[in-house]
Each structure stands twice: as C-alpha cells, then as structure tokens.
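What follows is a short report on a single structure.
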Amino acid sequence: MSRIGPCFERLQRDGRTALIPYITAGDPEPKVTVPLMHSMVEAGADIIELGVPFSDPMAEGPIIQHACERALRHHTSLNQVMEMVKAFRADDDTTPVVLMGYLNPVEVKGYEAFAQDAASVGVDGVIIVDLPPEEAGEYVAFLNAQQIDPVFLLAPTSGDERIHKICATSGGFVYYVSLRGVTGAAHLDTQEAAAKVEIIRRATKLPVGVGFGISDAQSAAQVAQFADAVIVGSAIVKRIAARVDATDKINAEVSGFLKELRHALDDITTDQAVTTA
Amino acid sequence: MAAYALPDERGHFGDYGGVFVAETLMEPLAELRQAYERYLKDPVFLAELDEDLRQYVGRPSPLYFARRYSEHVGGARIYLKREDLNHTGAHKINNTVGQALLAKRLGKTRVIAETGAGQHGVATATVAARLGLECVVYMGVKDMQRQAINVYRMKLLGARVEPVNSGSRTLKDALNEAMRDWVTHVDNTFYIIGTVAGPHPYPAMVRDFQAVIGRETKQQFSTQVGGLPDALVACVGGGSNAIGLFYPFINDADVALIGVEAAGEGLRSGRHAAPLCAGRPGVLHGNRTYLMEDGDGQIIETHSISAGLDYPGVGPEHAWLKDSGRARYVAVSDAEAMAAFHGLSRIEGIMPALESSHAIAYADKLARELGPDASIVVNLSGRGDKDVHTVAATEGITF
C-alpha cells in the first residue's frame, strides 16, 4: 500500500505544503545515500524522490547529469537502488519513497519483476521521465497490481486533453514540470506555473507537486502558494557535488538547506492560516 | 507478403518505435506529426521539395556500374548509388531539405541538429543558410576532433557548433543535448533529426524524405539494366541511407536487403557499434529498438573508426525488418572497411566515406557468393574527403 496518499492527507489536515527533495541514488558514492535519506527526513522532507542513475538522462540539466555520472562510476544499478530503499525502510516505515528515472533500466529488468521488487522493498511511487501514458499501459497495470503509484509528469505544453488523460492515469500525485526546459534551469515563471496548476486542479483531485527550477527558499515559498508539494532537485544535488571530496559533510550541508526550505514553506502556511482565520 | 504499411498510427513498427519522451515534447511532436501527414500529401509542398532536390541537391544521383571494381572482386556486378555526388557530399541533405521546408511551414525561426560524422550537421547548416534560419548543431567533442574539417565547414555556413562534453562525447550524447535544447526552446525551434531514429514521426518522416534514393534506384536499374537487382547493400548507423534505399523495395520479396553495421575491432571484442548484430531491444532517444547496453540497462560506449556509425541504437524500422526476416544485418570491421576504402579509391577513382566503405566491404563478400550473373546495388552514401585525416592517421601520417 502506497504511503503517498496518507502522507498528503496528513499534510492537508495540518495545512502544510509537502517538501520533496530529490537526490540521485549512489551520488557521489552508494554508502552516502541511505544516511542522507534519513537526514533529509529529519530536516523536514515529507517524501523522498530517489533518482535511479541512467547513462543518458535526456531531461536533466548538467547538475543531475553529473550526479548520474558519479553514481554510475560506482555502477549504481536499479537493483542496488532497490537495496537502498530496503535499508532505508529498516528504520523508517512512514516516509514515502518515489523512484524517478528513465525507462531502459526498467525495461531490462521487466515491468512485472520491477513492480514486485519495488513493492517488496517499500517503494511507494515511480516516475519514469520518458514514458508517457500512451506507452505505459502494461507498466501501469503492473504497478497498480502492487499498489504502487504511477506518478506522471505534466508540462507547460500539455493541452487540456492530455491533462485529463494524464491525471486519470496518475496515482499518488501529479508532477507539474514548471518550465520548458531541463532540471535545474533558471527561468521559472511562477505566475505561468500558478495559472497552469489552476487548470490541472480542475481535472483532478490528486495533489499537485511542482518541480524543475525551484532553487532556493524564496522560489519554494512562491511555489508553495499554489502547489501541494514543492520538489527540489538540482539545488540539492549541487550542494552534494560541492562536497564530493568530503562526503562526511554532505548530510549537514543538505540538511541545512532543507531546513531553510522547510521554514520558508511553513512560514507561508502560517501566514495563510492566519489570513484564513 | 501483404503491402507494407508501417508504422501504425502511434508510430510502432511491431514492438519497435513509438514515442518515449518527456511530457514537454508530446504536444510539439503531435504538431509535427500533423504537419508531416498533411504536407507529405500536399502537391504544392511536394513540388517545392522536388524542385529543391533537383536544383539544389543535384538529383537524381547516378546509378553507376563499377565495372573495374566488379571485375577486381570477381563476382556479381556491383552498382553504386552515388549519394556522394549530392550537394554537401552525402545522402543527409535529402532529409534536411525536407525537414527545413517543414520548419518554414510551421513558422519556426531556429533549427537544431545533432551530428556524428558532421555530415548531417553540414547538411543542416547548409539548408539553414539557404532559408535564413538560425542554426545550432550539437556535436560530441570526440567527434569534433575526428571531424575537424566538418566543424569548420558548419561554422563557415553560419551555424553555431555546440561541443557536447557529457557521457561518451559522441553522437548519442549530441542527440541528448539536442533534445534538451528542444525542450527548452520548443516554441520557436524545429529539431532536424538526422536519422531514422527518435520518437514518432521522425523514423517515418526521415525515411520518407530519404526514400528518393530507393525510388530512383528502382527506376534507374530498370532502365539501365532491366528488372530488379538481386541485393541492396547499405551501411547502418542510425540507418537513414539504408532505409532510404530499402523502403521502395520492401514489397519486392526477391530483392535481398542487407544492412551493414560497424563491427569496430570485432564483435567479440565488445568494441563495436552493431546493436542489430550483437545488442538487444530497449528504449533510448524516444523509441524502442535494438541497443548496445549492459545488464543494468545502461547504454554502453560504442566504437567504430567511422564517426557516422558510432551510435548505440538503430532506427526502429530496421529492428522490425530484422525480426521479421525481411532484411538481414551483418557487421564489418574497421580493418575491412579501411581496405574497401583503399580498393574503391584506387580501382574506380571514387573515394567513399568510411561509413559507406563498410557497405562496399560487405558487397565484396556477397559478390563472390552470388557469382557473375547477379547484380548488387551498394548505397555509396557519402564521399570520403572528410575522412582523409582519419585514414592518414591509421598509417601514421599527420599533416
């Protein structure tokens, strides 16, 4: 049973916006990942998005491309990522974990085996960047059979018809890619994103997460005004990249940044609560 | 065999092809599909394309009987489809002329392309110059070193060449980077993919623009020789020159279709670029096809002396033609291709591109197998001038 639905229900009750940090599994080396996941939860992460490294990450900007390259230098495979989730679950059975990656490693493993393994280690949702719903029939069926949420992406270019189709196929939440571009780009237009999220909400009751281009507490707070979840990737991975030679400093570095984001999101929530009251 | 009508409306060739891209590109691809379906039936568009192919590209290209080379090999008669005589020196321009016309129809002001050997980059820069479009070409830094002259040619034509430093720094990474550019500038940019790979409609669209090669060949062979050839041979990287030659013959079951991949240092060495001969199906660059990958599904580095064949995937229609048995795929090593390069240069005075040299090398073997009564058409997809430095380097010569 996916932990994502109950997590958003809790957040909604508390009037809080979800903070979803992304890291690439195995970056800069595999032993860093599980402890970092725990630190991120302590620092205020509600859901963890764990990247499965791929040799050809077409939707990523240079920051996450390099993270994939670092992880692949240690041959971090999909099976190893599953092992990391299993290890994480030994000490944390509540925080949802969403895998994010590209289709080919999943194809090689086989959709059914992938869904079964993911369920058995405690994965709650999966995002496959290069798998639109049109090609995803079998994959979605296997995930649904294991009660894992297939999270699909929506983009500024998605028209109304696609928005409805994608929302109908998605589980857990939908992920709005807030700009035309790759991860870590610097031209986020929060007004355009807010307008699009408004349209998406008319098509679904699922929570709407927003990611790509959120780089600091300020942009996170802006996005939190209209999104149920704020997804931050490159800004975290950049901090990991700065500590590849001192991996013992990574947890503190990332935690410090997440706390800033957490405070920014909670300030918004408090403001809104006050306004509503 | 029923008349061939692939891909289906979702871009599938059996299990292969399809649309595997990030959501941002789904609507732009739908727009492109509509434009392609509309204009490839539009007599005005087709007349304009035809005029460009005649007056600008220099078509039809000759079907040349390589008499001395055939005698030298000692077997079947070998005919060369002279795509090397096209403007810019390769078959690539057939496709860029077509896609650039589509870009204009769609009101795009900027075109981007990926390139390996540089031929597609040059062909794109050329049509962009002619139509007054801004042009950016992505190229792996490894390929930029191997094909320095083509890099300079693109710059002379007014294009910006963006070096790609990620991954293996070759064609596949250039394609990734071009996709990233397209995602970012999707409103004003047309992505001119150079081969029959990528998401639907690219494999079908590029095939349709390259099929002029096969249509001419069929007609020329019938007029010059009579009947149909026994076999068609073409090199396969992404596979656009091969599909262009094969496509009009797919329903002619008596014509053998043979694609030649790059065996590099040998299929057993692991250092090759032969996904159809030694890879397995997977998903990369927007389509499902045969790939060079490891057990974890990571794409592995390929090797070929020819930059244009140095690609870990292949067009999905080739994957389907292989599985269906309609076409056969073989591989030729760097050394065999190099020998064919020298042979054709000295015996016919035609210097083939290293890519095309792979097809020549296999045609040698096939000609001996089939004997003197048979005829083989080899697609001489490009000229070898761009490869002179690479050939010289194998002989220890630097300039």
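Residue numbering restarts at 1 for every chain of the structure tokens, chains are lettered A, B, ... in their displayed order, and ligands are numbered from 1 as they appear.
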
- Task: Find the spatial neighbours of Ala18 of chain A, counting only C-alpha atoms, within a cut-off of 7 Å - ignore same-chain residues fewer than 3 positions away - and output them as a VMD selection string.
- Result: chain A and resid 11 46 228 to 230

- Message: Which residues are near Phe341 of chain B? Cut-off 12 Å, only C-alpha atoms, ignore same chain within fewer than 5 positions. Put them as a PyMOL selection string.
- Response: chain B and resi 69+306+334-336+346-362+364+380+382-385+387-388+390-392

- So which residues touch segment 37-40 of chain B within 10 Å, counting only C-alpha atoms, skipping near sequence neighbours fewer than 3 positions away, as a ChimeraX atom specification? /B:32-34,43-46,49,98,101-102,105,201,205,208-209

Generate the output file for the selected residues, all heavy atoms, as a tab-separated table (two decimals), in the first residue's frame.
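Final output, saved to out.tsv:
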chain	number	residue	atom	x	y	z
B	32	LEU	N	4.11	18.24	-35.00
B	32	LEU	CA	4.98	17.84	-36.09
B	32	LEU	C	4.35	16.70	-36.90
B	32	LEU	O	4.41	16.69	-38.13
B	32	LEU	CB	6.34	17.40	-35.52
B	32	LEU	CG	7.35	16.88	-36.53
B	32	LEU	CD1	7.71	17.94	-37.56
B	32	LEU	CD2	8.62	16.41	-35.82
B	33	ARG	N	3.73	15.77	-36.20
B	33	ARG	CA	3.10	14.63	-36.87
B	33	ARG	C	1.99	15.11	-37.81
B	33	ARG	O	1.89	14.68	-38.95
B	33	ARG	CB	2.53	13.66	-35.83
B	33	ARG	CG	2.21	12.30	-36.36
B	33	ARG	CD	1.91	11.33	-35.23
B	33	ARG	NE	0.78	11.74	-34.43
B	33	ARG	CZ	0.80	11.99	-33.12
B	33	ARG	NH1	1.94	11.88	-32.45
B	33	ARG	NH2	-0.27	12.33	-32.48
B	34	GLN	N	1.20	16.04	-37.31
B	34	GLN	CA	0.12	16.57	-38.14
B	34	GLN	C	0.68	17.27	-39.38
B	34	GLN	O	0.17	17.09	-40.49
B	34	GLN	CB	-0.74	17.54	-37.34
B	34	GLN	CG	-1.72	16.82	-36.41
B	34	GLN	CD	-2.19	17.72	-35.28
B	34	GLN	OE1	-1.97	18.94	-35.30
B	34	GLN	NE2	-2.84	17.13	-34.29
B	43	PRO	N	0.41	18.59	-52.77
B	43	PRO	CA	1.12	18.69	-54.05
B	43	PRO	C	2.02	19.92	-54.14
B	43	PRO	O	3.09	19.86	-54.77
B	43	PRO	CB	-0.01	18.79	-55.09
B	43	PRO	CG	-1.29	18.54	-54.39
B	43	PRO	CD	-1.06	18.57	-52.92
B	44	VAL	N	1.63	21.01	-53.52
B	44	VAL	CA	2.46	22.23	-53.58
B	44	VAL	C	3.77	22.00	-52.83
B	44	VAL	O	4.86	22.32	-53.31
B	44	VAL	CB	1.69	23.44	-52.99
B	44	VAL	CG1	2.58	24.67	-53.02
B	44	VAL	CG2	0.40	23.67	-53.77
B	45	PHE	N	3.65	21.43	-51.63
B	45	PHE	CA	4.84	21.13	-50.83
B	45	PHE	C	5.74	20.15	-51.59
B	45	PHE	O	6.96	20.35	-51.69
B	45	PHE	CB	4.44	20.54	-49.48
B	45	PHE	CG	5.60	20.19	-48.59
B	45	PHE	CD1	6.16	21.14	-47.75
B	45	PHE	CD2	6.14	18.91	-48.59
B	45	PHE	CE1	7.23	20.82	-46.92
B	45	PHE	CE2	7.22	18.59	-47.78
B	45	PHE	CZ	7.76	19.55	-46.95
B	46	LEU	N	5.15	19.11	-52.12
B	46	LEU	CA	5.94	18.07	-52.79
B	46	LEU	C	6.62	18.61	-54.05
B	46	LEU	O	7.76	18.24	-54.35
B	46	LEU	CB	5.04	16.87	-53.14
B	46	LEU	CG	4.55	16.08	-51.91
B	46	LEU	CD1	3.56	15.01	-52.33
B	46	LEU	CD2	5.71	15.47	-51.13
B	49	LEU	N	9.59	20.58	-52.82
B	49	LEU	CA	10.64	19.64	-52.39
B	49	LEU	C	11.36	19.06	-53.61
B	49	LEU	O	12.59	18.99	-53.66
B	49	LEU	CB	10.00	18.53	-51.53
B	49	LEU	CG	10.92	17.39	-51.07
B	49	LEU	CD1	12.04	17.93	-50.20
B	49	LEU	CD2	10.12	16.35	-50.29
B	98	GLY	N	14.03	18.50	-46.79
B	98	GLY	CA	12.62	18.25	-46.49
B	98	GLY	C	12.20	18.80	-45.14
B	98	GLY	O	11.18	19.51	-45.02
B	101	LEU	N	12.01	22.61	-45.04
B	101	LEU	CA	10.78	23.13	-45.65
B	101	LEU	C	9.61	23.02	-44.67
B	101	LEU	O	8.79	23.93	-44.57
B	101	LEU	CB	10.45	22.37	-46.94
B	101	LEU	CG	11.26	22.70	-48.19
B	101	LEU	CD1	10.77	21.87	-49.37
B	101	LEU	CD2	11.15	24.19	-48.52
B	102	LEU	N	9.57	21.91	-43.92
B	102	LEU	CA	8.53	21.75	-42.90
B	102	LEU	C	8.67	22.81	-41.81
B	102	LEU	O	7.69	23.39	-41.35
B	102	LEU	CB	8.61	20.37	-42.24
B	102	LEU	CG	7.82	19.22	-42.84
B	102	LEU	CD1	7.98	17.98	-41.96
B	102	LEU	CD2	6.34	19.58	-42.96
B	105	ARG	N	7.20	25.93	-42.96
B	105	ARG	CA	5.74	25.86	-42.96
B	105	ARG	C	5.18	26.04	-41.55
B	105	ARG	O	4.11	26.59	-41.35
B	105	ARG	CB	5.27	24.51	-43.51
B	105	ARG	CG	5.47	24.30	-44.99
B	105	ARG	CD	4.52	25.16	-45.83
B	105	ARG	NE	4.37	24.69	-47.22
B	105	ARG	CZ	5.25	24.86	-48.18
B	105	ARG	NH1	6.40	25.49	-47.95
B	105	ARG	NH2	5.00	24.41	-49.40
B	201	PRO	N	7.05	11.29	-35.15
B	201	PRO	CA	7.10	10.72	-36.51
B	201	PRO	C	8.50	10.67	-37.15
B	201	PRO	O	8.58	10.38	-38.35
B	201	PRO	CB	6.24	11.71	-37.29
B	201	PRO	CG	6.56	13.03	-36.66
B	201	PRO	CD	6.75	12.73	-35.19
B	205	MET	N	9.19	9.89	-40.99
B	205	MET	CA	9.37	11.11	-41.77
B	205	MET	C	10.73	11.13	-42.47
B	205	MET	O	10.83	11.44	-43.66
B	205	MET	CB	9.22	12.32	-40.84
B	205	MET	CG	9.39	13.66	-41.53
B	205	MET	SD	8.98	15.02	-40.41
B	205	MET	CE	10.33	14.92	-39.23
B	208	ASP	N	10.75	8.74	-45.28
B	208	ASP	CA	10.02	9.22	-46.46
B	208	ASP	C	10.84	10.24	-47.25
B	208	ASP	O	10.78	10.28	-48.47
B	208	ASP	CB	8.67	9.81	-46.05
B	208	ASP	CG	7.71	8.72	-45.58
B	208	ASP	OD1	8.01	7.52	-45.79
B	208	ASP	OD2	6.67	9.05	-44.97
B	209	PHE	N	11.62	11.07	-46.53
B	209	PHE	CA	12.48	12.02	-47.23
B	209	PHE	C	13.67	11.32	-47.91
B	209	PHE	O	14.16	11.77	-48.93
B	209	PHE	CB	12.99	13.12	-46.30
B	209	PHE	CG	11.93	14.14	-45.93
B	209	PHE	CD1	11.75	14.54	-44.61
B	209	PHE	CD2	11.11	14.71	-46.90
B	209	PHE	CE1	10.77	15.49	-44.26
B	209	PHE	CE2	10.14	15.65	-46.58
B	209	PHE	CZ	9.97	16.03	-45.25

Selection: 6 Å around segment 53-64 of chain A, only C-alpha atoms, excl. self and same-chain fewer than 3 positions, as a PDB file with all heavy atoms, in the first residue's frame:
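Output file result_39.pdb is given in full below:
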ATOM      1  N   ALA A  67      25.596  14.080 -11.576  1.00  0.00           N
ATOM      2  CA  ALA A  67      25.271  13.190 -10.455  1.00  0.00           C
ATOM      3  C   ALA A  67      25.121  11.757 -10.963  1.00  0.00           C
ATOM      4  O   ALA A  67      25.616  10.809 -10.339  1.00  0.00           O
ATOM      5  CB  ALA A  67      23.989  13.654  -9.768  1.00  0.00           C
ATOM      6  N   CYS A  68      24.444  11.603 -12.115  1.00  0.00           N
ATOM      7  CA  CYS A  68      24.296  10.268 -12.715  1.00  0.00           C
ATOM      8  C   CYS A  68      25.669   9.689 -13.052  1.00  0.00           C
ATOM      9  O   CYS A  68      25.936   8.513 -12.791  1.00  0.00           O
ATOM     10  CB  CYS A  68      23.440  10.330 -13.984  1.00  0.00           C
ATOM     11  SG  CYS A  68      21.677  10.506 -13.663  1.00  0.00           S
ATOM     12  N   VAL A 182      15.141  21.797 -18.946  1.00  0.00           N
ATOM     13  CA  VAL A 182      15.661  20.654 -18.214  1.00  0.00           C
ATOM     14  C   VAL A 182      15.717  20.981 -16.726  1.00  0.00           C
ATOM     15  O   VAL A 182      15.509  22.138 -16.327  1.00  0.00           O
ATOM     16  CB  VAL A 182      17.074  20.285 -18.722  1.00  0.00           C
ATOM     17  CG1 VAL A 182      16.997  19.770 -20.149  1.00  0.00           C
ATOM     18  CG2 VAL A 182      18.015  21.483 -18.643  1.00  0.00           C
ATOM     19  N   THR A 183      16.001  19.970 -15.911  1.00  0.00           N
ATOM     20  CA  THR A 183      16.091  20.195 -14.473  1.00  0.00           C
ATOM     21  C   THR A 183      17.193  21.211 -14.167  1.00  0.00           C
ATOM     22  O   THR A 183      18.229  21.238 -14.816  1.00  0.00           O
ATOM     23  CB  THR A 183      16.390  18.885 -13.725  1.00  0.00           C
ATOM     24  OG1 THR A 183      17.524  18.254 -14.331  1.00  0.00           O
ATOM     25  CG2 THR A 183      15.207  17.940 -13.786  1.00  0.00           C
ATOM     26  N   GLY A 184      16.931  22.049 -13.180  1.00  0.00           N
ATOM     27  CA  GLY A 184      17.950  22.995 -12.745  1.00  0.00           C
ATOM     28  C   GLY A 184      18.009  24.259 -13.578  1.00  0.00           C
ATOM     29  O   GLY A 184      18.884  25.094 -13.387  1.00  0.00           O
TER      30      GLY A 184
ATOM     31  N   ASN B 176      21.209  13.629 -27.057  1.00  0.00           N
ATOM     32  CA  ASN B 176      20.647  14.009 -25.749  1.00  0.00           C
ATOM     33  C   ASN B 176      20.610  15.520 -25.602  1.00  0.00           C
ATOM     34  O   ASN B 176      19.628  16.106 -25.153  1.00  0.00           O
ATOM     35  CB  ASN B 176      21.504  13.445 -24.598  1.00  0.00           C
ATOM     36  CG  ASN B 176      21.412  11.939 -24.480  1.00  0.00           C
ATOM     37  OD1 ASN B 176      20.421  11.334 -24.890  1.00  0.00           O
ATOM     38  ND2 ASN B 176      22.441  11.325 -23.920  1.00  0.00           N
ATOM     39  N   GLN B 298      22.139   0.262 -18.788  1.00  0.00           N
ATOM     40  CA  GLN B 298      22.883   1.487 -19.125  1.00  0.00           C
ATOM     41  C   GLN B 298      23.410   1.339 -20.553  1.00  0.00           C
ATOM     42  O   GLN B 298      23.826   0.247 -20.957  1.00  0.00           O
ATOM     43  CB  GLN B 298      24.062   1.704 -18.164  1.00  0.00           C
ATOM     44  CG  GLN B 298      23.684   1.666 -16.688  1.00  0.00           C
ATOM     45  CD  GLN B 298      22.717   2.764 -16.265  1.00  0.00           C
ATOM     46  OE1 GLN B 298      22.520   3.736 -16.987  1.00  0.00           O
ATOM     47  NE2 GLN B 298      22.103   2.605 -15.105  1.00  0.00           N
ATOM     48  N   ILE B 299      23.380   2.462 -21.289  1.00  0.00           N
ATOM     49  CA  ILE B 299      23.859   2.440 -22.664  1.00  0.00           C
ATOM     50  C   ILE B 299      25.387   2.413 -22.634  1.00  0.00           C
ATOM     51  O   ILE B 299      26.006   3.176 -21.884  1.00  0.00           O
ATOM     52  CB  ILE B 299      23.359   3.685 -23.437  1.00  0.00           C
ATOM     53  CG1 ILE B 299      21.839   3.798 -23.303  1.00  0.00           C
ATOM     54  CG2 ILE B 299      23.783   3.630 -24.898  1.00  0.00           C
ATOM     55  CD1 ILE B 299      21.041   2.569 -23.672  1.00  0.00           C
TER      56      ILE B 299
END

- Task: Kindly provide, as a PyMOL selection string, the residues of chain A having any atom no farther than 8 Å from an atom of chain B, counting only C-alpha atoms.
- Result: chain A and resi 54-61+65+69+77-78+103-109+129-132+135+153-159+180-182

Write out, as a short mmCIF file (atom, residue, chain, number, x, y, z; two decimals), in the first residue's frame, the residues just selected, with C-alpha atoms.
data_model
loop_
_atom_site.label_atom_id
_atom_site.label_comp_id
_atom_site.auth_asym_id
_atom_site.auth_seq_id
_atom_site.Cartn_x
_atom_site.Cartn_y
_atom_site.Cartn_z
CA PHE A 54 20.93 6.46 -16.15
CA SER A 55 23.64 6.87 -18.76
CA ASP A 56 21.51 9.13 -20.99
CA PRO A 57 19.33 11.33 -18.78
CA MET A 58 17.72 13.42 -21.51
CA ALA A 59 15.57 15.63 -19.30
CA GLU A 60 18.33 16.61 -16.86
CA GLY A 61 20.46 19.69 -16.81
CA GLN A 65 23.74 14.64 -15.43
CA GLU A 69 27.85 10.03 -13.99
CA SER A 77 22.21 -0.21 -10.67
CA LEU A 78 18.43 -0.32 -10.36
CA LEU A 103 12.64 3.59 -18.87
CA ASN A 104 15.52 1.48 -20.15
CA PRO A 105 16.75 0.05 -16.83
CA VAL A 106 13.13 -0.86 -16.03
CA GLU A 107 12.68 -2.47 -19.47
CA VAL A 108 15.75 -4.59 -18.95
CA LYS A 109 14.52 -5.77 -15.57
CA VAL A 129 10.52 10.58 -17.32
CA ASP A 130 10.48 9.15 -20.84
CA LEU A 131 7.32 7.07 -20.50
CA PRO A 132 4.17 8.97 -21.43
CA GLU A 135 3.09 3.79 -23.99
CA LEU A 153 4.54 14.46 -15.44
CA LEU A 154 2.58 17.41 -16.83
CA ALA A 155 4.27 20.23 -18.71
CA PRO A 156 3.56 23.81 -19.78
CA THR A 157 2.93 22.42 -23.27
CA SER A 158 0.33 19.86 -22.13
CA GLY A 159 -3.08 20.70 -23.56
CA ARG A 180 10.06 24.47 -20.70
CA GLY A 181 13.49 23.07 -20.11
CA VAL A 182 15.66 20.65 -18.21
#

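Nearest to Ala252 of chain A of all the residues A:Glu42, A:Glu29, A:Glu9, A:Asp117 is A:Glu42, based on only C-alpha atoms.
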
- Item | Shell around Asp323 of chain B at 12 Å using only C-alpha atoms, local window under 3 positions removed, as an MDAnalysis selection string | chainID B and resid 13:16 276:277 280:281 289:290 316:320 326:329

Please report as CSV every residue of segment 54-124 of chain B lying within 8 Å of segment 134-144 of chain B, along with the nearest atom pair and their distance in Å (one decimal), using only C-alpha atoms.
residue,atom,partner,partner_atom,distance
B:Thr109,CA,B:Glu134,CA,6.4
B:Arg110,CA,B:Glu134,CA,4.5
B:Val111,CA,B:Cys135,CA,5.0
B:Ile112,CA,B:Val136,CA,4.8
B:Ala113,CA,B:Val137,CA,4.8
B:Glu114,CA,B:Tyr138,CA,4.7
B:Thr115,CA,B:Met139,CA,5.4
B:Gly116,CA,B:Asp143,CA,6.1
B:Ala117,CA,B:Asp143,CA,6.6
B:Gly118,CA,B:Met139,CA,7.8
B:Gly121,CA,B:Val137,CA,6.0
B:Thr124,CA,B:Cys135,CA,7.7
